[in-house]
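data-v6.cif, holding mmCIF, C-alpha atoms and all ligand atoms:
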```cif
data_data
loop_
_atom_site.label_atom_id
_atom_site.label_comp_id
_atom_site.auth_asym_id
_atom_site.auth_seq_id
_atom_site.Cartn_x
_atom_site.Cartn_y
_atom_site.Cartn_z
CA MET A 664 70.44 82.30 97.19
CA SER A 665 72.58 84.11 94.62
CA ASN A 666 74.47 82.39 91.85
CA LEU A 667 76.63 85.08 90.35
CA THR A 668 78.46 84.93 87.05
CA LEU A 669 80.70 87.85 86.16
CA PHE A 670 81.58 88.27 82.49
CA ILE A 671 84.85 90.13 82.08
CA GLY A 672 87.37 91.05 79.39
CA ASP A 673 91.13 90.42 79.21
CA LYS A 674 92.73 90.94 82.58
CA ASN A 675 95.68 92.85 81.14
CA LEU A 676 93.48 95.41 79.43
CA SER A 677 89.96 95.50 80.82
CA SER A 678 90.05 98.15 83.51
CA TRP A 679 86.26 98.17 83.84
CA SER A 680 86.24 94.41 84.47
CA LEU A 681 88.79 94.66 87.28
CA ARG A 682 86.48 96.85 89.37
CA PRO A 683 83.56 94.47 90.11
CA TRP A 684 85.92 91.48 90.11
CA LEU A 685 87.87 93.12 92.95
CA MET A 686 84.66 93.98 94.83
CA LEU A 687 83.70 90.29 94.75
CA LYS A 688 87.17 89.00 95.65
CA GLN A 689 87.77 91.44 98.50
CA THR A 690 84.42 90.71 100.10
CA GLY A 691 84.55 86.95 99.55
CA ILE A 692 81.20 86.86 97.74
CA PRO A 693 81.26 83.60 95.74
CA PHE A 694 81.06 83.98 91.97
CA THR A 695 82.02 82.34 88.72
CA GLU A 696 84.08 84.37 86.28
CA LYS A 697 83.82 84.02 82.53
CA LEU A 698 86.44 85.78 80.44
CA ILE A 699 85.58 86.88 76.92
CA PRO A 700 88.78 87.75 75.02
CA LEU A 701 88.58 91.30 73.60
CA ASP A 702 89.56 92.61 70.16
CA LYS A 703 88.73 89.45 68.24
CA PRO A 704 86.29 89.10 65.35
CA GLU A 705 83.94 87.09 67.58
CA THR A 706 84.20 89.39 70.63
CA LYS A 707 81.18 91.63 70.04
CA GLY A 708 78.84 88.72 69.32
CA ALA A 709 80.05 86.80 72.37
CA ILE A 710 79.58 89.80 74.68
CA LEU A 711 76.17 90.62 73.20
CA GLU A 712 74.95 87.14 74.09
CA ARG A 713 75.28 88.24 77.73
CA SER A 714 75.47 92.00 77.92
CA PRO A 715 72.93 94.20 76.15
CA SER A 716 75.39 97.10 75.88
CA GLY A 717 77.91 94.90 74.08
CA LEU A 718 80.42 95.78 76.80
CA VAL A 719 81.94 93.99 79.78
CA PRO A 720 81.73 93.73 82.73
CA CYS A 721 78.29 92.22 83.01
CA LEU A 722 76.95 90.40 86.05
CA VAL A 723 74.29 87.71 85.71
CA ASP A 724 72.42 86.56 88.81
CA GLY A 725 69.50 84.35 87.81
CA PRO A 726 67.05 86.63 86.03
CA ALA A 727 69.06 89.75 86.90
CA VAL A 728 71.41 91.02 84.20
CA VAL A 729 73.47 93.98 85.34
CA TRP A 730 75.81 95.72 82.92
CA ASP A 731 78.14 98.62 83.69
CA SER A 732 80.61 98.58 86.56
CA LEU A 733 78.86 101.10 88.77
CA ALA A 734 75.45 99.45 88.38
CA ILE A 735 77.08 96.12 89.33
CA ALA A 736 78.59 97.81 92.39
CA GLU A 737 75.18 99.06 93.50
CA TYR A 738 73.59 95.67 92.86
CA LEU A 739 76.23 93.94 94.99
CA ALA A 740 75.91 96.51 97.79
CA GLU A 741 72.15 96.01 97.83
CA THR A 742 72.20 92.20 97.51
CA PHE A 743 74.98 91.66 100.07
CA PRO A 744 74.51 94.38 102.71
CA ASP A 745 76.77 92.51 105.17
CA ALA A 746 79.71 92.88 102.79
CA GLY A 747 79.82 96.60 103.73
CA LEU A 748 80.61 97.74 100.21
CA TRP A 749 79.69 101.34 101.04
CA PRO A 750 80.81 103.03 104.28
CA ASP A 751 78.28 102.91 107.14
CA ASP A 752 78.52 106.59 107.94
CA ARG A 753 76.23 108.79 105.80
CA LEU A 754 78.80 111.53 105.22
CA ALA A 755 81.52 109.04 104.37
CA ARG A 756 79.09 107.24 102.08
CA ALA A 757 78.22 110.46 100.23
CA HIS A 758 81.94 111.16 99.78
CA ALA A 759 82.64 107.59 98.65
CA ARG A 760 79.78 107.71 96.14
CA SER A 761 81.09 111.01 94.78
CA SER A 762 84.63 109.62 94.47
CA ALA A 763 83.38 106.51 92.69
CA ALA A 764 81.15 108.52 90.36
CA GLU A 765 83.95 110.96 89.52
CA MET A 766 86.12 108.01 88.54
CA HIS A 767 83.34 106.45 86.51
CA SER A 768 82.63 109.59 84.50
CA GLY A 769 85.93 111.44 84.57
CA PHE A 770 89.69 111.39 84.13
CA GLY A 771 89.39 111.08 80.37
CA GLU A 772 92.94 112.28 79.65
CA LEU A 773 94.50 109.75 82.01
CA ARG A 774 92.37 106.95 80.58
CA LYS A 775 93.18 107.90 76.99
CA VAL A 776 96.91 108.54 77.33
CA TRP A 777 97.65 105.81 79.88
CA PRO A 778 95.42 102.82 79.05
CA MET A 779 95.54 100.01 81.59
CA ASN A 780 98.26 97.52 80.77
CA PHE A 781 98.36 95.68 84.06
CA SER A 782 101.35 93.42 83.56
CA ARG A 783 103.74 96.13 82.36
CA VAL A 784 105.10 97.78 85.48
CA GLY A 785 107.63 100.61 85.07
CA MET A 786 107.02 101.48 81.41
CA ARG A 787 108.61 104.60 79.88
CA HIS A 788 105.90 107.18 79.42
CA LEU A 789 104.93 110.77 78.78
CA CYS A 790 102.97 112.81 81.30
CA PRO A 791 101.23 115.64 79.43
CA THR A 792 99.50 118.44 81.31
CA GLY A 793 96.02 116.89 81.12
CA VAL A 794 97.27 113.63 82.61
CA ARG A 795 99.18 115.46 85.34
CA ARG A 796 95.99 117.36 86.20
CA ASP A 797 94.04 114.08 86.49
CA VAL A 798 96.80 112.53 88.62
CA GLU A 799 96.75 115.52 90.97
CA ARG A 800 92.97 115.42 91.31
CA ILE A 801 93.00 111.68 92.03
CA ALA A 802 95.73 112.09 94.65
CA ALA A 803 93.67 114.90 96.25
CA ILE A 804 90.55 112.68 96.40
CA TRP A 805 92.52 109.82 97.95
CA MET A 806 94.16 112.04 100.54
CA GLU A 807 90.94 113.79 101.52
CA ALA A 808 89.11 110.46 101.89
CA ARG A 809 91.95 108.99 103.96
CA LYS A 810 92.24 112.06 106.17
CA ARG A 811 88.53 112.54 106.83
CA PHE A 812 87.18 108.99 106.77
CA GLY A 813 90.09 106.53 106.67
CA ALA A 814 90.89 106.12 110.37
CA GLY A 815 89.39 102.62 110.61
CA GLY A 816 91.76 100.90 108.18
CA PRO A 817 94.14 101.30 105.22
CA PHE A 818 91.51 101.85 102.52
CA LEU A 819 90.06 105.18 101.33
CA TYR A 820 87.19 104.98 103.82
CA GLY A 821 88.95 102.71 106.33
CA ARG A 822 87.31 99.42 105.37
CA PHE A 823 87.45 98.27 101.71
CA SER A 824 84.65 99.85 99.67
CA ILE A 825 83.39 100.29 96.14
CA ALA A 826 85.47 103.47 95.89
CA ASP A 827 88.70 101.47 96.30
CA ALA A 828 87.63 99.08 93.57
CA MET A 829 86.74 101.95 91.24
CA TYR A 830 90.29 103.33 91.62
CA ALA A 831 92.05 99.95 91.33
CA PRO A 832 92.85 100.36 87.62
CA VAL A 833 94.36 103.77 88.42
CA VAL A 834 96.55 102.09 91.01
CA SER A 835 97.76 99.78 88.24
CA ARG A 836 98.38 102.72 85.88
CA PHE A 837 100.35 104.52 88.60
CA MET A 838 102.67 101.49 88.65
CA THR A 839 102.75 100.87 84.89
CA TYR A 840 103.48 104.47 83.97
CA GLY A 841 105.86 105.15 86.79
CA PRO A 842 105.80 104.63 89.65
CA VAL A 843 104.11 108.01 89.33
CA ASP A 844 105.31 110.75 91.63
CA LEU A 845 102.66 111.19 94.32
CA PRO A 846 102.45 112.79 97.76
CA ALA A 847 103.59 110.28 100.41
CA GLU A 848 100.11 109.49 101.73
CA ALA A 849 98.75 108.81 98.22
CA ALA A 850 101.80 106.71 97.31
CA GLN A 851 101.31 104.65 100.46
CA TYR A 852 97.68 103.98 99.51
CA ARG A 853 98.67 103.07 95.94
CA ASP A 854 101.30 100.60 97.16
CA MET A 855 98.93 99.02 99.71
CA MET A 856 96.31 98.50 97.00
CA PHE A 857 98.79 97.13 94.48
CA ASP A 858 100.07 94.60 97.04
CA LEU A 859 96.61 93.18 97.83
CA PRO A 860 96.62 89.42 97.13
CA ALA A 861 93.60 89.88 94.82
CA MET A 862 95.42 92.56 92.79
CA GLN A 863 98.47 90.30 92.56
CA GLU A 864 96.25 87.41 91.44
CA TRP A 865 94.73 89.59 88.70
CA GLY A 866 98.24 90.74 87.72
CA GLU A 867 99.55 87.18 87.44
CA ALA A 868 96.65 86.23 85.18
CA ALA A 869 97.28 89.39 83.12
CA ALA A 870 100.95 88.46 82.73
CA ASP A 871 99.97 84.92 81.69
CA GLU A 872 97.64 86.35 79.05
CA VAL A 873 100.42 88.52 77.64
CA SER A 874 102.95 85.68 77.63
CA GLY A 875 100.40 83.39 75.93
CA LYS A 876 100.03 80.98 78.88
CA ASN A 877 96.26 81.62 79.07
N1 LIG A 901 80.87 102.30 81.35
C1 LIG A 901 81.17 100.87 81.21
C2 LIG A 901 82.41 100.73 80.33
C3 LIG A 901 82.62 99.30 79.87
C4 LIG A 901 83.67 99.17 78.78
O1 LIG A 901 84.06 100.15 78.11
N2 LIG A 901 84.15 97.92 78.58
C5 LIG A 901 85.13 97.60 77.55
C6 LIG A 901 86.25 96.74 78.14
S1 LIG A 901 87.14 97.54 79.44
C7 LIG A 901 84.50 96.68 76.51
O2 LIG A 901 83.60 95.93 76.82
N3 LIG A 901 85.00 96.70 75.28
C8 LIG A 901 84.56 95.75 74.29
C9 LIG A 901 84.21 96.36 72.99
O3 LIG A 901 84.17 97.60 72.90
O4 LIG A 901 83.95 95.58 72.08
C10 LIG A 901 81.35 100.28 82.62
O5 LIG A 901 81.49 101.06 83.58
O6 LIG A 901 81.29 99.06 82.80
#
```

As structure tokens, the full file:
Amino acid sequence: MSNLTLFIGDKNLSSWSLRPWLMLKQTGIPFTEKLIPLDKPETKGAILERSPSGLVPCLVDGPAVVWDSLAIAEYLAETFPDAGLWPDDRLARAHARSSAAEMHSGFGELRKVWPMNFSRVGMRHLCPTGVRRDVERIAAIWMEARKRFGAGGPFLYGRFSIADAMYAPVVSRFMTYGPVDLPAEAAQYRDMMFDLPAMQEWGEAAADEVSGKN
């Protein structure tokens, strides 16, 4: 029997924390969340008590300590096979893994120039060439996944998967710094994701953090 605790950072800012949190929420896997406020003198020490990398997210499940969003995703997929966190079909799964990995290791310009700021929808912004290139590549990944593998539902691979969670902070950025101009199919996916009750719940907590309610 699992007893999961997910250590996360501020909901307004911690894009990496949103990913495994959304995987757990969307699949209904029970967990306890513990938020460690970022950018404070005590932050590093508090995270290091739990996460050997000194970074969040970190998942603790009894003796298992899993740091890094993608490692947490794999741990959840393996521990809860019925949650269907990767697509069943081998080709779709290979595509989904590639999409998730590209997000995990790429899109540096977009991440640098447009940091996640979840509660601030519709901010004025610049869109330099590097960011535009990242936006176009992300839209292409989304549309290819939807076209080839998305027939079974509204998510990238039909049913909700790790790939959707990996792109959730991008969905937020596409609202914060925009709404960003996207092809219709990609915009439809972005809006569907942003409207998920779990995304709204995260957004409300992010807004409370910013307004000082939390
Ligand atoms: N590659 C890591 C990145 C984790 C990361 O950069 N986390 C940031 C918050 S979003 C962090 O812990 N920052 C705290 C610090 O640097 O002190 C992952 O995928 O989980």

Assuming 4 Å of padding per side, give the centre and edge lengths of the axis-aligned box around every listed atom of ligand LIG 901 (chain A), in Å to one decimal and as JSON.
```
{"center_x": 84.0, "center_y": 98.9, "center_z": 77.8, "size_x": 14.3, "size_y": 14.7, "size_z": 19.5}
```

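Proximity ranking of A:Thr706, A:Gln851, A:Ser874, A:Ser824 relative to Gln689 of chain A places A:Ser824 first, based on only C-alpha atoms.
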
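The neighbours of Ala740 of chain A here are the residues that come within 10 Å of it, using all atoms listed in the file and leaving out any residue fewer than 4 positions away in the same chain; they are A:Met686, A:Ala734, A:Ile735, A:Ala736, A:Pro744, A:Asp745, A:Ala746, A:Gly747, A:Leu748, A:Trp749, A:Ser824, A:Ile825.
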
Using all atoms listed in the file: which of A:Leu739, A:Val784, A:Ala808, A:Met829 has the shortest distance to ligand LIG 901 (chain A): A:Met829

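Considering only C-alpha atoms and all ligand atoms, every residue of the polymer chains approaching ligand LIG 901 (chain A) to 8 Å or closer is listed here: Ile671, Gly672, Leu676, Ser677, Ser678, Trp679, Ser680, Leu701, Asp702, Thr706, Lys707, Ile710, Gly717, Leu718, Val719, Pro720, Cys721, Trp730, Asp731, Ser732, Leu733, Ala734 and His767 of chain A.
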
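One finds atom CA of Phe857 of chain A at 18.3 Å from atom CA of Leu773 of chain A.
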
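Nearest-residue note for Leu722 of chain A: choosing from A:Leu698, A:Leu669, A:Ala755, A:Leu687, the minimum distance belongs to A:Leu669, counting all atoms listed in the file.
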
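Closest approach to Ala727 of chain A among A:Arg756, A:Asn780, A:Ile699, A:Asn666 is made by A:Asn666 (distances from all atoms listed in the file).
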
Give one line per residue of segment 749-798 of chain A that approaches segment 860-870 of chain A to at most 9 Å, naming the two atoms of the closest pair and their distance in Å to one decimal, counting all atoms listed in the file; sort by chain then ascending residue number and deliver it as CSV.
```
residue,atom,partner,partner_atom,distance
A:Asn780,CA,A:Ala869,CA,8.5
A:Phe781,CA,A:Gly866,CA,6.1
A:Ser782,CA,A:Ala870,CA,5.0
A:Arg783,CA,A:Ala870,CA,8.2
```

Residue with smallest distance to Val833 of chain A - pool A:Pro700, A:Gly691, A:Pro726, A:Gly771, counting only C-alpha atoms: A:Gly771

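Distances from A:Ala802, A:Cys790, A:Leu685, A:Ala757 to Asp827 of chain A were compared using all atoms listed in the file, and the smallest one belongs to A:Leu685.
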
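Atom CA of Val843 of chain A is positioned 28.1 Å from atom CA of Pro750 of chain A.
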
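Here atom CA of Phe694 of chain A and atom CA of Leu667 of chain A stand 4.8 Å from one another.
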